[in-house]
Each structure stands twice: as C-alpha cells, then as structure tokens.
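> Below is a structure I'd like to ask you about.
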Amino acid sequence: MSDRHTAESIREELTHRDNQSLSARITENPEPFLRWAVPMVALIAVEFATWAGIAVGMIEALVVGVVAAVELTLNYASPGLAQVVADFQAGVAGMLRSVGGMLGEFPTLLSREVIPNQGHQTPDGAWQGTFLGLQPAVAWAIRFSLIMLYALVTAYWVFRGWLVYRDHYRESDWTPTDDIVSNLRGHRWGQFGIIVLIVFLTMAAFGSALAPSTVSQNIENTYGDESRIQYLSDDGTVETAFAGDANFNSKSKGTVETNIGLMSYDDYSRFHPFGTMPNGRDLFTFMMGGARITMIVSGMAITGAAVVAMTLSMLSAYYSGSLDLGVLTVADGVVSIPQLLLLIIMSAVFADTWLGSILDGGFLLALIFAFTTWPFLWRAVRGPALQVAQEDWVRAAESYGQQPRKIMRKHMLPYILGYLLVYASMSVGGIIISLSALSFLGNGLGISPPTPAWGRAISAGQSYVSTVSWHISLVPGLMIVLLVTGMNALGDGIRDAIDPETETGEGEEAAAGGGG
Amino acid sequence: MSNTLEQSPPTEESETLIEVEGLKKYYGGEGMFSDPPVKAVDGVSFEIKRGETLGLVGESGCGKSTLGRTLLALEIATEGSIIYDGTDITGLSGTELKEWRKNAQMVFQDPESSLNDRMTVGEIIREPLDAHSWKTMTDRRERVLDLLSAVGLPDKHYFRYPHQFSGGQRQRIGIARALALEPDFLVLDEPVSALDVSVQAKIIRLLEDLQEDFNLTYLLIAHDLSVVRYISDRVAVMYLGKIMEKGETEEVFSNASNPYTQSLLSAIPEPDPSAASQRITLSGTPPSPSDAPAGCNLSTRCPAKIRPEAYADADRDLWQAIERFREVVRERARVALSLGDRVRRRFNRFDRFDDIEDSRADTFDGVEVPERVDQQIETAVEMVKRGEPMEAQQHLYTEFASVCDHERPEMHEVSVSGRQSYCHRHTDEYEDVEPVISRRADNE
Ligand code: SF4
C-alpha cells in the first residue's frame with residue numbers, strides 16, 4: 001500500500017487544518033466512497049421497511065431494558081414512582097409499536113406481495129395468484145433464494161465498506177485489525193461460522209418473507225378474514241376455505257394418509273418445505289418464528305453476560321486483591337445455583353408481571369441466562385485480563401496520571417475483547433440449547449405459546465420420530481445443531497485469527513458447554 | 001529541524017532535586033499471621049542533584065527497580081521521605097499527585113511491553129498530554145511531532161503501530177512519551193538491557209543528548225556496569241534493599257571501598273591482563289529479602305567479614321567451614337515443617353534432618369577441628385536432628401557471630417569527595433577492607 005503522505009503533509013494535516021476528520025478526507029477524495037455508498041443506499045432502500053423495523057425494535061428493547069432496571073431499583077424506594085415509570089414505559093413502547101406498524105405499510109422488494117407463492121390451480125391446470133404463474137414451490141424457492149442472496153450480499157457490502165475505508169481513508173497503512181481480518185479470510189471453518197450466523201440472523205429478520213405461509217394464517221388468526229384461501233377441489237372447481245380448516249386437514253400424524261412430509265404439497269395446493277406439524281401448521285413458518293425469538297433471546301443473554309464479565313474482569317484484574325476475591329466468591333455462588341431450579345422459580349415468580357410478558361417471557365429468560373452465564377465468561381477472560389494488567393504500558397499510563405477508567409478502556413479492553421468474543425460465541429451454544437430444552441419441557445417454562453419456539457416443535461414431534469412424520473422433530477433438531485456448530489466455528493475462527501500461533505483444538509473448549 | 005521543543009529555563013532554586021531519607025518499601029507482612037514482610041527497600045538515603053545522572057547498580061532482586069518505582073510514587077513508601085524540589089511526595093494524593101506526576105516520568109526496560117500495541121505511535125505519545133488536557137488538540141499533535149523528531153524518528157511514524165518497529169525504535173517512542181509532559185526527572189529502568197548491543201550505544205547517546213537539551217535529571221537503574229560507568233555522574237550500589245556504597249562514578253569504579261562493590265567490580269573482565277586483579281567471589285546465594293540478616297546485609301556472604309574475638313587467629317579453612325556450616329543450618333531453619341513433622345518432633349520421632357551428619361562430614365572434611373569448635377558443632381547437629389534448627393542457628397550465632405552478624409554498620413565517609421560505604425571495617429577498631437581481602441585471596 002502506498003503512503004498517502006509526504007513528509008510535510010503530515011505536519012500540515014495534523015496541525016494546520018482545523019478539521020482532519022474522516023469527512024474531510026472523504027470530501028477530498030469522494031470517488032471511492034461514492035462507489036461504495038450508492039450501492040449501499042440502494043441495498044438498504046429496497047428493504048427499508050425491514051431495516052427500519054429492526055431499528056425500531058431495538059430501540060424498543062433498549063427502552064424496555066433500561067426502564068426495567070430503573071423500575072426494579074425504584075420499586076424498593078417508592079412503588080408509586082415505579083408505577084409511573086412502568087406507565088411511561090408502556091407509553092413509549094406503544095408509540096414505537098405504532099411506528100413499527102406504519103413501517104409495515106411500506107412496500108419492500110423481496111416481499112410475498114411482490115413474489116407471491118400462494119395460489120391455486122385453475123381447472124385447466126395453470127396456476128393462478130403465484131409469481132409469474134409458476135408452481136408455488138418454485139415461486140417460494142425463488143423468493144427464499146433471493147432474500148438469502150440479498151442478505152449475504154448486504155453483509156459483504158458492509159465489509160466492503162471497511163475495505164474502502166482501509167484502502168482510501170484510513171491514516172494508518174497497517175493496523176493490528178488488518179492481520180486479524182486477513183487471518184480470518186484464510187480460515188474456512190470460521191467463515192462457515194460467519195455464514196451460519198448471517199443465515200440465522202436473516203431468518204430472524206426476514207422470517208415472515210422467507211416463510212411460505214404467514215404467521216397469521218399459520219397460528220394467530222387462522223379463521224380471520226385474511227386467512228381465506230382458494231384451492232382447486234377434487235371436483236375440479238375453485239373453492240374457498242379458512243386456513244384453519246385447511247390446517248386441520250393437513251396434519252402430520254405419523255401415518256401415510258395423514259402426513260405432509262418435507263418438500264410436499266397439501267390438498268389445498270399449499271407448499272410445505274419442511275412439511276407440517278401434528279396440528280397441521282406449516283413447520284417452516286413455525287421455524288422462522290422460532291429463529292427470531294431464539295436469536296433475540298440468546299443474543300441478549302450473551303451480550304448481557306459478556307458486558308458483565310468484561311467489566312468485572314477488568315475491575316478485578318486492575319484493582320485485584322479483595323475486589324478480585326469478592327467477584328470470585330460471587331461468581332462461585334452464582335455457579336452453585338442449579339440453573340433449572342432458578343429458571344423454574346423465576347418463571348413462576350414473574351409469570352404474571354409485565355417483566356414476564358416482554359417478548360413472551362423471552363426477556364426474563366435472557367436475564368436469567370445472562371445471570372448464570374457471566375461467571376463462565378468472567379473466569380475465561382480473567383486470566384488474559386490479569387496478564388494485560390501487568391504490562392508495563394499500564395504502569396506507564398499510571399505514571400503520567402491516566403484515570404483508571406481510561407486505563408481499563410484503552411490499555412486493557414482491546415486485549416480481552418478478542419477472548420471475550422471467542423468465549424461468548426462458544427458459550428452461546430449452551431444458551432441456545434438450554435432455551436430449546438425449556439420450551440421442550442413446556443409447562444410454563446420457556447417461551448410462552450403460541451409464540452413459536454424450536455423446543456416446542458421438537459416436543460410436538462417427539463411421538464412421531466419413528467413414523468413417516470419424523471421430520472417434525474428432526475428438522476428443528478438439525479437447525480439447533482447447525483446454529484450451535486456455526487457459533488463454535490465462529491469462535492474457533494476468531495481465536496485463530498487473533499492468536500495464529502495457537503493450534504486448533506488445544507483444549508480451550510472449556511467454555512463451550514458454559515450455559516448448558 | 002525547524003521545530004524544536006521549548007526548553008524549560010534552567011532553574012537555580014536549589015542544587016538538590018531529590019532527597020531521599022530513610023526510605024523503606026515492604027511488601028506484605030501486615031496481618032498477624034502473615035509471613036514476615038519482603039523488605040525490598042530497607043532504609044536508603046541519597047540525593048540526586050539537578051542535571052546529574054545517578055546510577056543505581058546491583059544484582060537483580062536487590063530492590064533497585066522497586067526503589068525507582070517508589071520514587072515515582074507508583075508504589076506507596078512504607079516509611080521515610082522523598083523530598084522532590086522541596087515537597088515530600090510520599091504525602092501527595094489525588095489532584096496534587098497527578099499534577100506532580102508531570103515532573104517525573106519513567107523509561108521502561110522492555111520496549112515490547114511498555115507500548116500498547118493497539119494504539120498508533122501518535123496516540124501513544126499524545127496520551128500523557130491528553131490525560132492532563134494539555135493545551136489544544138492541534139498543539140498536542142504538533143508537540144508529538146516535535147517529540148518524534150527530538151528522539152530521531154520521522155513524522156510519518158505518527159500513524160504507525162508499535163508492531164511495525166524494531167526494539168530500538170520502540171524504545172525511542174517510549175522515551176518520547178516520557179518527555180511529553182516536559183518532566184525534569186526521568187527514571188531509566190534498564191533502558192538498554194533488552195536491546196541489541198549495536199543499538200544500545202545509540203540509545204545511550206540519545207539519552208545523553210536529551211539530558212543536555214532539556215536539562216534533565218536521571219536515575220539510571222542498571223546491572224550493566226559499563227553502561228553505568230559511561231553515563232553516570234555518581235553511583236549507588238545496592239544489595240538486598242540497602243545502599244552499600246555511593247560516590248563519584250570514577251572513584252567507585254577505580255577505588256571501591258565496600259567489600260560488595262569490590263566483588264561486583266572484580267567480575268568485570270579486566271581489559272589490561274597485566275593488571276593484578278583477582279576475582280573476589282561471594283559465597284553462597286543472596287538470602288531472600290524477607291529473611292535479611294540482622295546485622296550487615298552482606299554478613300552471610302562477605303569476603304571480608306570480621307571474625308569474633310575468640311576466633312581471630314583460627315585457621316582460614318576451619319573458619320570457612322564454620323561459616324559454610326552455619327549457612328547449611330540457616331537453610332534448614334528456613335524449611336517450613338509439616339504438621340506431621342511437628343507431631344513427630346513432639347514425640348522425639350523426628351528424623352527428616354538426619355542427613356545433617358553428612359553435611360557436617362562434607363563441610364569439615366580434611367579440616368582440623370579443635371575440641372571447642374567440635375563441641376559446639378556437635379550440639380548444633382543434635383538440635384537440628386531433634387527438629388529444632390532455629391535453636392541450632394541461635395546456638396551457632398552465640399558462639400561464632402561477630403559484629404557483622406549482630407550490628408548494622410553505619411554509612412562511613414571514605415573519601416574527601418564524600419564517598420560513603422556501609423561497612424564496619426571503616427571504623428578504627430577493625431582492619432580496613434582492602435588488606436583483608438587481598439590476604440584472604442592470597443591464601444587461596
Ligand atoms: S560490615 Fe563490612 S565486613 Fe562486615 S559483613 Fe558487612 S561488608 Fe562485610
């Protein structure tokens with residue numbers, strides 16, 4: 001890479017220009033930026049409603065989280081005030097939800113309206129209502145592939161943005177990040193993990209467009225006005241029925257007559273990529289809903305645990321002594337609580353409160369998983385944190401009077417962040433499995449029905465495993481295995497990228513089963 | 001270079017910049033049941049004059065690095081005072097301390113560990129300025145560039161990462177960072193020992209130039225005597241938390257008074273082979289800083305140790321054997337006994353130390369042992385075998401200890417220039433160090 005600077009220009013740039021910010025550099029040489037930014041804007045624009053919806057959802061989650069914390073603390077001081085806060089939260093959440101609803105009205109390019117897959121055959125054999133008159137299966141496959149392609153291209157384009165920044169706008173011609181990225185670029189196993197993560201995130205974000213059926217027709221409002229479907233009856237006439245009735249006649253119950261397996265149509269010309277469930281619902285649609293709740297809950301849980309572990313590990317490494325001992329004691333205490341017992345107690349205690357109702361109980365689960373997982377992450381990063389606290393650059397920062405907070409952020413955090421990512425992505429597998437296990441057990445544990453949860457699908461298909469309806473349990477099981485494997489692969493990849501000397505498989509799997 | 005650093009005008013308020021008085025730094029040993037404290041620095045006093053370089057030498061573990069860190073208030077002094085330009089810094093805290101920190105900075109030994117690899121060189125050098133909100137951002141950047149050129153690095157390194165530099169260049173960056181806040185005083189903790197020999201000279205020359213340009217005062221901590229001799233105006237020699245000798249560099253190197261300094265210097269290969277010099281070796285290994293001798297620090301290893309009255313004329317081999325045997329017993333006394341051993345001792349079944357007989361035989365092999373000494377040794381051996389090495393140590397102490405064992409020496413002035421040495425032999429009562437060492441060496 002060529003040096004963008006001549007000897008004088010650096011001094012010039014650093015000292016005689018008021019603004020040496022990134023935007024100034026872009027103004028000076030806008031072309032590479034524009035060549036990246038225009039396609040990026042286009043990519044966002046075609047799915048604007050989806051992205052904005054995600055943003056609104058995140059803000060809502062943030063509001064709920066912050067308010068929950070405030071409310072919990074206030075509750076001790078003054079229940080009245082806590083009520084005010086709770087009302088405020090309800091107000092804000094309501095407002096955000098209506099914004100979200102409005103956004104839903106915006107058209108997106110890769111939606112079921114643009115590429116419909118639901119239709120029926122006319123008596124002459126042609127398809128009506130589907131995309132270009134194609135078979136529902138083909139129409140669905142096209143939409144599915146386009147969305148996945150869109151997600152992967154968008155992800156790549158974001159990465160591409162970093163490359164453009166690096167090559168054209170960054171002051172340094174080399175940074176330690178470059179090495180990590182180039183290591184990861186040669187790491188197939190880690191890339192597999194990244195792709196798995198993108199695919200599952202796409203399912204969570206675009207689930208409703210990916211699915212062949214809608215949640216409303218599938219679960220929520222099967223006898224509503226919008227759930228009328230048309231089909232070609234056996235007598236050769238086109239008739240109308242409620243989705244609820246159609247579902248009722250499309251059950252997979254383990255016998256050859258009553259089974260809609262993988263990649264097959266039911267009697268109502270509806271295509272089921274993963275078959276149907278024992279109650280006749282489309283398994284694929286159900287899985288997409290499950291993917292959303294799984295990704296949100298496990299993502300929140302592992303983020304919470306990682307933030308706690310990171311903060312405590314730096315504090316305990318920097319101040320060491322009795323603080324370290326205190327954290328150690330608390331961590332051991334938390335680990336000694338049986339997780340299942342804690343989950344059952346907490347679910348029962350909060351069952352009817354507003355806290356227990358956020359995200360259909362998912363928020364509470366995320367809190368509990370974060371609470372039980374942080375000690376494992378803390379233990380894993382405590383060693384590196386202690387090590388970096390001993391480095392001379394920390395002594396140097398003390399010698400010129402740098403504040404402890406900044407010492408931790410600038411001189412310690414960058415070194416433990418990598419380890420934290422590695423252990424977090426390996427521990428998240430445990431959370432995903434525990435979450436599914438809870439929904440599998442049911443009985444008020446896990447995500448409250450009817451919100452789809454993978455564990456419930458496994459549980460529903462449990463009695464049909466040895467029959468023709470084996471797909472009901474197997475597909476969700478495989479999805480979980482794929483996601484957990486992917487996250488472990490991602491962890492391996494990051495580990496090898498930040499520390500290329502360590503050979504793979506060197507006994508660092510300790511954290512893998514963390515949350516389980 | 002058109003932009004040179006502003007030079008702080010030489011201040012003449014006082015000759016002495018730093019005055020250290022009775023400084024002690026102990027680690028641990030506070031609780032009732034804790035082990036005895038580690039006495040890393042055990043009562044040292046010295047002063048550093050404005051603009052001079054004081055070299056601090058000693059083997060690793062003698063407490064010289066701890067002393068350096070305590071001077072910079074990175075460690076809290078256990079006792080004693082550090083007067084910096086009129087203020088006692090051991091009492092500073094909070095904003096006062098932060099303000100004072102601008103005056104004194106440190107250059108670290110290992111350039112690999114002293115620079116944060118995740119920050120650019122510019123950010124690293126700028127950080128002290130940021131931490132003190134020094135002037136404006138533009139001024140800070142300008143100053144970083146000036147500092148870079150002051151240590152001989154081009155501007156373009158501003159945006160690079162430490163990873164891209166060699167050890168010598170990294171050390172230059174560390175020096176630039178130490179200079180950022182215009183300090184008067186720098187602690188150089190082994191600044192070149194981690195570098196290639198070819199680079200060492202360059203860094204030393206740079207440090208000398210900077211001292212001249214910015215009127216800096218240095219405390220140079222090193223174990224490499226040639227570096228110290230080259231750059232220091234005065235030298236202090238440390239052993240086991242104590243300063244053994246201090247004085248003008250040339251005087252100390254050419255005419256050392258203290259037995260420890262002499263042995264240290266005799267280890268340097270003499271460039272002139274005809275010069276009559278013998279290697280003066282210290283016996284044994286240094287005791288742990290938590291178990292320093294009660295008298296002179298060097299008394300367990302001293303080549304010139306004073307003998308007690310009664311044994312003044314004892315045979316040399318015999319005396320050496322006695323000292324060696326005392327060391328053996330001392331080592332036994334340091335061993336912590338297990339609970340089982342203690343129970344066994346209670347019932348006279350203790351046998352863990354029976355091999356003391358062998359050690360005794362080895363030590364006194366071929367030495368003629370007079371009746372009286374033999375009896376004392378025998379008593380001590382019995383005590384050790386019973387499991388009471390502490391008593392044995394005490395017994396031997398009563399019989400064989402000299403003034404070196406039970407009395408701390410004073411700092412004695414040993415030359416007109418004010419050189420001082422920590423040894424009983426500088427009093428009129430005892431023979432001086434030099435003849436004793438050469439006589440004992442000759443006997444070999
Ligand atoms: S006082 Fe002098 S002679 Fe005695 S042990 Fe110490 S250094 Fe040696």
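Lettering and numbering for the structure tokens are positional, with chains as A, B, ... in the shown order, residues counted from 1 in each chain, and ligands counted from 1 in the shown order.
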List the spatial neighbours of B:Gly152 as an MDAnalysis selection string - criterion: any atom at most 10 Å away, only C-alpha atoms, same-chain residues fewer than 6 positions off excluded.
chainID B and resid 146 169 172:173 176 206
> Determine which residues of chain A sit within 6 Å of chain B, taking into account only C-alpha atoms, and present them as a list in words.
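Those within range of chain B come out as Thr15, Ser172, Glu391, Asp392, Trp393, Tyr400, Gly401 and Gln402 of chain A.
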> Give me the chain B side of the contact with ligand 1, cut-off 10 Å, one line per residue showing its nearest atom pair and distance in Å at one decimal, counting only C-alpha atoms and all ligand atoms, sorted by chain and residue number, as a Markdown table.

| residue | atom | partner | partner_atom_place_in_ligand_line | distance |
| --- | --- | --- | --- | --- |
| B:Met244 | CA | ligand 1 | 7 (S) | 7.9 |
| B:Ser257 | CA | ligand 1 | 7 (S) | 9.5 |
| B:Asn258 | CA | ligand 1 | 7 (S) | 6.2 |
| B:Pro259 | CA | ligand 1 | 7 (S) | 5.4 |
| B:Tyr260 | CA | ligand 1 | 7 (S) | 6.5 |
| B:Thr261 | CA | ligand 1 | 7 (S) | 9.4 |
| B:Pro293 | CA | ligand 1 | 5 (S) | 10.0 |
| B:Gly295 | CA | ligand 1 | 6 (Fe) | 7.8 |
| B:Cys296 | CA | ligand 1 | 6 (Fe) | 4.5 |
| B:Asn297 | CA | ligand 1 | 6 (Fe) | 6.4 |
| B:Leu298 | CA | ligand 1 | 5 (S) | 4.9 |
| B:Ser299 | CA | ligand 1 | 5 (S) | 3.7 |
| B:Thr300 | CA | ligand 1 | 5 (S) | 7.2 |
| B:Arg301 | CA | ligand 1 | 5 (S) | 7.4 |
| B:Cys302 | CA | ligand 1 | 8 (Fe) | 4.6 |
| B:Pro303 | CA | ligand 1 | 8 (Fe) | 6.6 |
| B:Ala304 | CA | ligand 1 | 3 (S) | 4.8 |
| B:Lys305 | CA | ligand 1 | 3 (S) | 3.9 |
| B:Ile306 | CA | ligand 1 | 3 (S) | 5.3 |
| B:Arg307 | CA | ligand 1 | 4 (Fe) | 8.8 |
| B:Ser402 | CA | ligand 1 | 4 (Fe) | 8.4 |
| B:Val403 | CA | ligand 1 | 4 (Fe) | 7.2 |
| B:Cys404 | CA | ligand 1 | 4 (Fe) | 4.2 |
| B:Asp405 | CA | ligand 1 | 5 (S) | 7.2 |
| B:His406 | CA | ligand 1 | 1 (S) | 9.8 |
| B:Glu407 | CA | ligand 1 | 1 (S) | 8.3 |
| B:Arg408 | CA | ligand 1 | 1 (S) | 7.3 |
| B:Pro409 | CA | ligand 1 | 1 (S) | 5.6 |
| B:Glu410 | CA | ligand 1 | 1 (S) | 8.6 |
| B:Ser421 | CA | ligand 1 | 7 (S) | 8.8 |
| B:Tyr422 | CA | ligand 1 | 7 (S) | 6.7 |
| B:Cys423 | CA | ligand 1 | 2 (Fe) | 3.6 |
| B:His424 | CA | ligand 1 | 1 (S) | 4.3 |
| B:Arg425 | CA | ligand 1 | 2 (Fe) | 5.5 |
| B:His426 | CA | ligand 1 | 2 (Fe) | 8.0 |
| B:Tyr430 | CA | ligand 1 | 3 (S) | 9.2 |
| B:Glu431 | CA | ligand 1 | 3 (S) | 9.5 |
| B:Asp432 | CA | ligand 1 | 3 (S) | 8.8 |
| B:Val433 | CA | ligand 1 | 3 (S) | 7.0 |
| B:Val436 | CA | ligand 1 | 3 (S) | 9.4 |
| B:Ile437 | CA | ligand 1 | 3 (S) | 9.8 |
> Taking the DSSP assignment computed from this structure's backbone, write out as a ChimeraX atom specification all residues of stretch 154-380 of chain A that belong to alpha helix (DSSP H).
/A:154-164,176-185,188-210,215,243-248,283-319,321-336,339-350,354-357,362-380
> For A:Phe350, which of A:Gly444, A:Trp157, A:Ile229, A:Phe144 is the closest residue, counting only C-alpha atoms?
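Nearest candidate to A:Phe350 out of A:Gly444, A:Trp157, A:Ile229, A:Phe144: A:Gly444.
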> Please provide the set of residues having any atom within 10 Å of stretch 264-266 of chain A, restricted to only C-alpha atoms, with same-chain residues fewer than 4 positions apart removed, written as a ChimeraX atom specification.
/A:136-137,246-247,249-251,259-260,270-276,280
> Could you save those same residues with N, CA, C and O atoms as a PDB file, in the first residue's frame?

ATOM      1  N   PRO A 136     -46.236 -23.031  -6.859  1.00  0.00           N
ATOM      2  CA  PRO A 136     -45.945 -22.421  -5.554  1.00  0.00           C
ATOM      3  C   PRO A 136     -44.545 -22.777  -5.053  1.00  0.00           C
ATOM      4  O   PRO A 136     -43.847 -21.927  -4.511  1.00  0.00           O
ATOM      5  N   ALA A 137     -44.131 -24.005  -5.225  1.00  0.00           N
ATOM      6  CA  ALA A 137     -42.809 -24.416  -4.739  1.00  0.00           C
ATOM      7  C   ALA A 137     -41.718 -23.604  -5.403  1.00  0.00           C
ATOM      8  O   ALA A 137     -40.794 -23.112  -4.742  1.00  0.00           O
ATOM      9  N   ALA A 246     -58.042 -25.711   6.535  1.00  0.00           N
ATOM     10  CA  ALA A 246     -57.020 -26.348   5.699  1.00  0.00           C
ATOM     11  C   ALA A 246     -55.946 -26.964   6.585  1.00  0.00           C
ATOM     12  O   ALA A 246     -55.498 -28.096   6.360  1.00  0.00           O
ATOM     13  N   ASN A 247     -55.513 -26.207   7.607  1.00  0.00           N
ATOM     14  CA  ASN A 247     -54.507 -26.738   8.522  1.00  0.00           C
ATOM     15  C   ASN A 247     -55.020 -28.029   9.164  1.00  0.00           C
ATOM     16  O   ASN A 247     -54.285 -29.007   9.300  1.00  0.00           O
ATOM     17  N   ASN A 249     -56.905 -30.216   8.067  1.00  0.00           N
ATOM     18  CA  ASN A 249     -56.855 -31.363   7.159  1.00  0.00           C
ATOM     19  C   ASN A 249     -55.466 -31.650   6.623  1.00  0.00           C
ATOM     20  O   ASN A 249     -55.304 -32.460   5.731  1.00  0.00           O
ATOM     21  N   SER A 250     -54.471 -30.936   7.163  1.00  0.00           N
ATOM     22  CA  SER A 250     -53.105 -31.163   6.662  1.00  0.00           C
ATOM     23  C   SER A 250     -52.183 -31.624   7.772  1.00  0.00           C
ATOM     24  O   SER A 250     -50.998 -31.360   7.762  1.00  0.00           O
ATOM     25  N   LYS A 251     -52.720 -32.300   8.758  1.00  0.00           N
ATOM     26  CA  LYS A 251     -51.894 -32.701   9.895  1.00  0.00           C
ATOM     27  C   LYS A 251     -50.895 -33.781   9.513  1.00  0.00           C
ATOM     28  O   LYS A 251     -51.147 -34.595   8.640  1.00  0.00           O
ATOM     29  N   ASN A 259     -49.967 -37.416   6.580  1.00  0.00           N
ATOM     30  CA  ASN A 259     -48.597 -36.906   6.699  1.00  0.00           C
ATOM     31  C   ASN A 259     -48.290 -35.995   5.535  1.00  0.00           C
ATOM     32  O   ASN A 259     -48.510 -36.341   4.379  1.00  0.00           O
ATOM     33  N   ILE A 260     -47.793 -34.788   5.872  1.00  0.00           N
ATOM     34  CA  ILE A 260     -47.268 -33.886   4.845  1.00  0.00           C
ATOM     35  C   ILE A 260     -45.784 -33.761   5.133  1.00  0.00           C
ATOM     36  O   ILE A 260     -45.383 -33.095   6.086  1.00  0.00           O
ATOM     37  N   ARG A 270     -51.006 -25.920  -1.036  1.00  0.00           N
ATOM     38  CA  ARG A 270     -50.018 -25.142  -0.295  1.00  0.00           C
ATOM     39  C   ARG A 270     -48.734 -25.956  -0.195  1.00  0.00           C
ATOM     40  O   ARG A 270     -48.774 -27.162   0.084  1.00  0.00           O
ATOM     41  N   PHE A 271     -47.622 -25.266  -0.425  1.00  0.00           N
ATOM     42  CA  PHE A 271     -46.333 -25.954  -0.423  1.00  0.00           C
ATOM     43  C   PHE A 271     -45.715 -25.861   0.967  1.00  0.00           C
ATOM     44  O   PHE A 271     -45.669 -24.786   1.570  1.00  0.00           O
ATOM     45  N   HIS A 272     -45.234 -27.004   1.491  1.00  0.00           N
ATOM     46  CA  HIS A 272     -44.620 -27.029   2.818  1.00  0.00           C
ATOM     47  C   HIS A 272     -43.178 -27.522   2.707  1.00  0.00           C
ATOM     48  O   HIS A 272     -42.950 -28.721   2.632  1.00  0.00           O
ATOM     49  N   PRO A 273     -42.187 -26.587   2.699  1.00  0.00           N
ATOM     50  CA  PRO A 273     -40.794 -27.020   2.506  1.00  0.00           C
ATOM     51  C   PRO A 273     -40.329 -27.995   3.585  1.00  0.00           C
ATOM     52  O   PRO A 273     -39.593 -28.934   3.309  1.00  0.00           O
ATOM     53  N   PHE A 274     -40.776 -27.776   4.809  1.00  0.00           N
ATOM     54  CA  PHE A 274     -40.380 -28.667   5.905  1.00  0.00           C
ATOM     55  C   PHE A 274     -41.547 -29.547   6.361  1.00  0.00           C
ATOM     56  O   PHE A 274     -41.534 -30.113   7.436  1.00  0.00           O
ATOM     57  N   GLY A 275     -42.594 -29.622   5.550  1.00  0.00           N
ATOM     58  CA  GLY A 275     -43.742 -30.408   5.967  1.00  0.00           C
ATOM     59  C   GLY A 275     -44.619 -29.655   6.963  1.00  0.00           C
ATOM     60  O   GLY A 275     -44.449 -28.462   7.181  1.00  0.00           O
ATOM     61  N   THR A 276     -45.561 -30.401   7.556  1.00  0.00           N
ATOM     62  CA  THR A 276     -46.430 -29.762   8.549  1.00  0.00           C
ATOM     63  C   THR A 276     -46.214 -30.393   9.915  1.00  0.00           C
ATOM     64  O   THR A 276     -45.559 -31.416  10.055  1.00  0.00           O
ATOM     65  N   GLY A 280     -51.136 -29.486  11.940  1.00  0.00           N
ATOM     66  CA  GLY A 280     -51.391 -29.056  10.579  1.00  0.00           C
ATOM     67  C   GLY A 280     -50.722 -27.752  10.198  1.00  0.00           C
ATOM     68  O   GLY A 280     -50.869 -27.279   9.079  1.00  0.00           O
TER      69      GLY A 280
END
> For atom CA of B:Asp189 and atom CA of B:Gln171, determine how far apart the two atoms are, in Å to one decimal place.
11.7 Å
> Looking only at strand (DSSP E) from DSSP on the backbone, list the matching residues of stretch 158-398 of chain B as number ranges by chain.
B: 185-189, 217-222, 234-239, 242-248
> Show me, as a list of chain:residue names, the residues that have an atom within 10 Å of A:Ile147 when counting only C-alpha atoms, minus same-chain residues fewer than 2 positions from it.
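My list of contacting residues is A:Leu109, A:Leu110, A:Ser111, A:Ala141, A:Ile142, A:Arg143, A:Phe144, A:Ser145, A:Leu149, A:Tyr150, A:Ala151, A:Leu152, A:Val153, A:Thr202, A:Met203, A:Phe206, A:Gly207, A:Ala209, A:Leu210.
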> How many Å separate atom CA of A:Ala52 from atom CA of A:Met300?
19.5 Å
> Atom CA of A:Ile198 and atom CA of A:Ala37, how far apart in Å?
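Pair atom CA of A:Ala37 / atom CA of A:Ile198 returns 21.3 Å.
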> At a cut-off of 7 Å, using only C-alpha atoms, what residues contact B:Gly63? Leave out same-chain residues fewer than 2 positions from it and give the result as a ChimeraX atom specification.
/B:40-41,61,65-67,240-241
> Near B:Leu210, counting only C-alpha atoms, which residues have an atom at most 10 Å away, once you skip same-chain residues fewer than 3 positions from it, shown as a PDB file with C-alpha atoms, in the first residue's frame?

ATOM      1  CA  ALA B 150      13.619  15.000  19.171  1.00  0.00           C
ATOM      2  CA  VAL B 151      14.107  11.261  19.541  1.00  0.00           C
ATOM      3  CA  ILE B 175      11.416   7.984  25.557  1.00  0.00           C
ATOM      4  CA  LEU B 179       9.290  13.502  27.646  1.00  0.00           C
ATOM      5  CA  ILE B 204      22.567   5.924  25.343  1.00  0.00           C
ATOM      6  CA  ARG B 205      23.841   8.741  23.186  1.00  0.00           C
ATOM      7  CA  LEU B 206      20.266   9.891  22.616  1.00  0.00           C
ATOM      8  CA  LEU B 207      19.624   9.907  26.357  1.00  0.00           C
ATOM      9  CA  ASP B 213      18.995  19.754  25.682  1.00  0.00           C
ATOM     10  CA  PHE B 214      16.249  19.620  28.270  1.00  0.00           C
ATOM     11  CA  ASN B 215      18.284  19.879  31.447  1.00  0.00           C
ATOM     12  CA  LEU B 216      17.054  16.501  32.676  1.00  0.00           C
TER      13      LEU B 216
END
> I need the residue nearest A:Ala301 from this list: A:Leu386, A:Leu367, A:Ala331, A:Ala396. Use only C-alpha atoms for the distance.
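Nearest candidate to A:Ala301 out of A:Leu386, A:Leu367, A:Ala331, A:Ala396: A:Leu367.
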> Find, counting only C-alpha atoms, the residue in A:Ile368, A:Asp282, A:Gln390, A:Ala380 that gets nearest to A:Leu435.
A:Ile368
> Might you pull out every residue within 9 Å of B:Ala77, with only C-alpha atoms counted and same-chain residues fewer than 2 positions away left off, and present them as a list in words?
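Residues meeting the cut-off are Leu23, Lys24, Lys25, Tyr26, Thr70, Leu71, Ala73, Glu75, Glu79, Gly80, Ser81, Ile82 and Thr90 of chain B.
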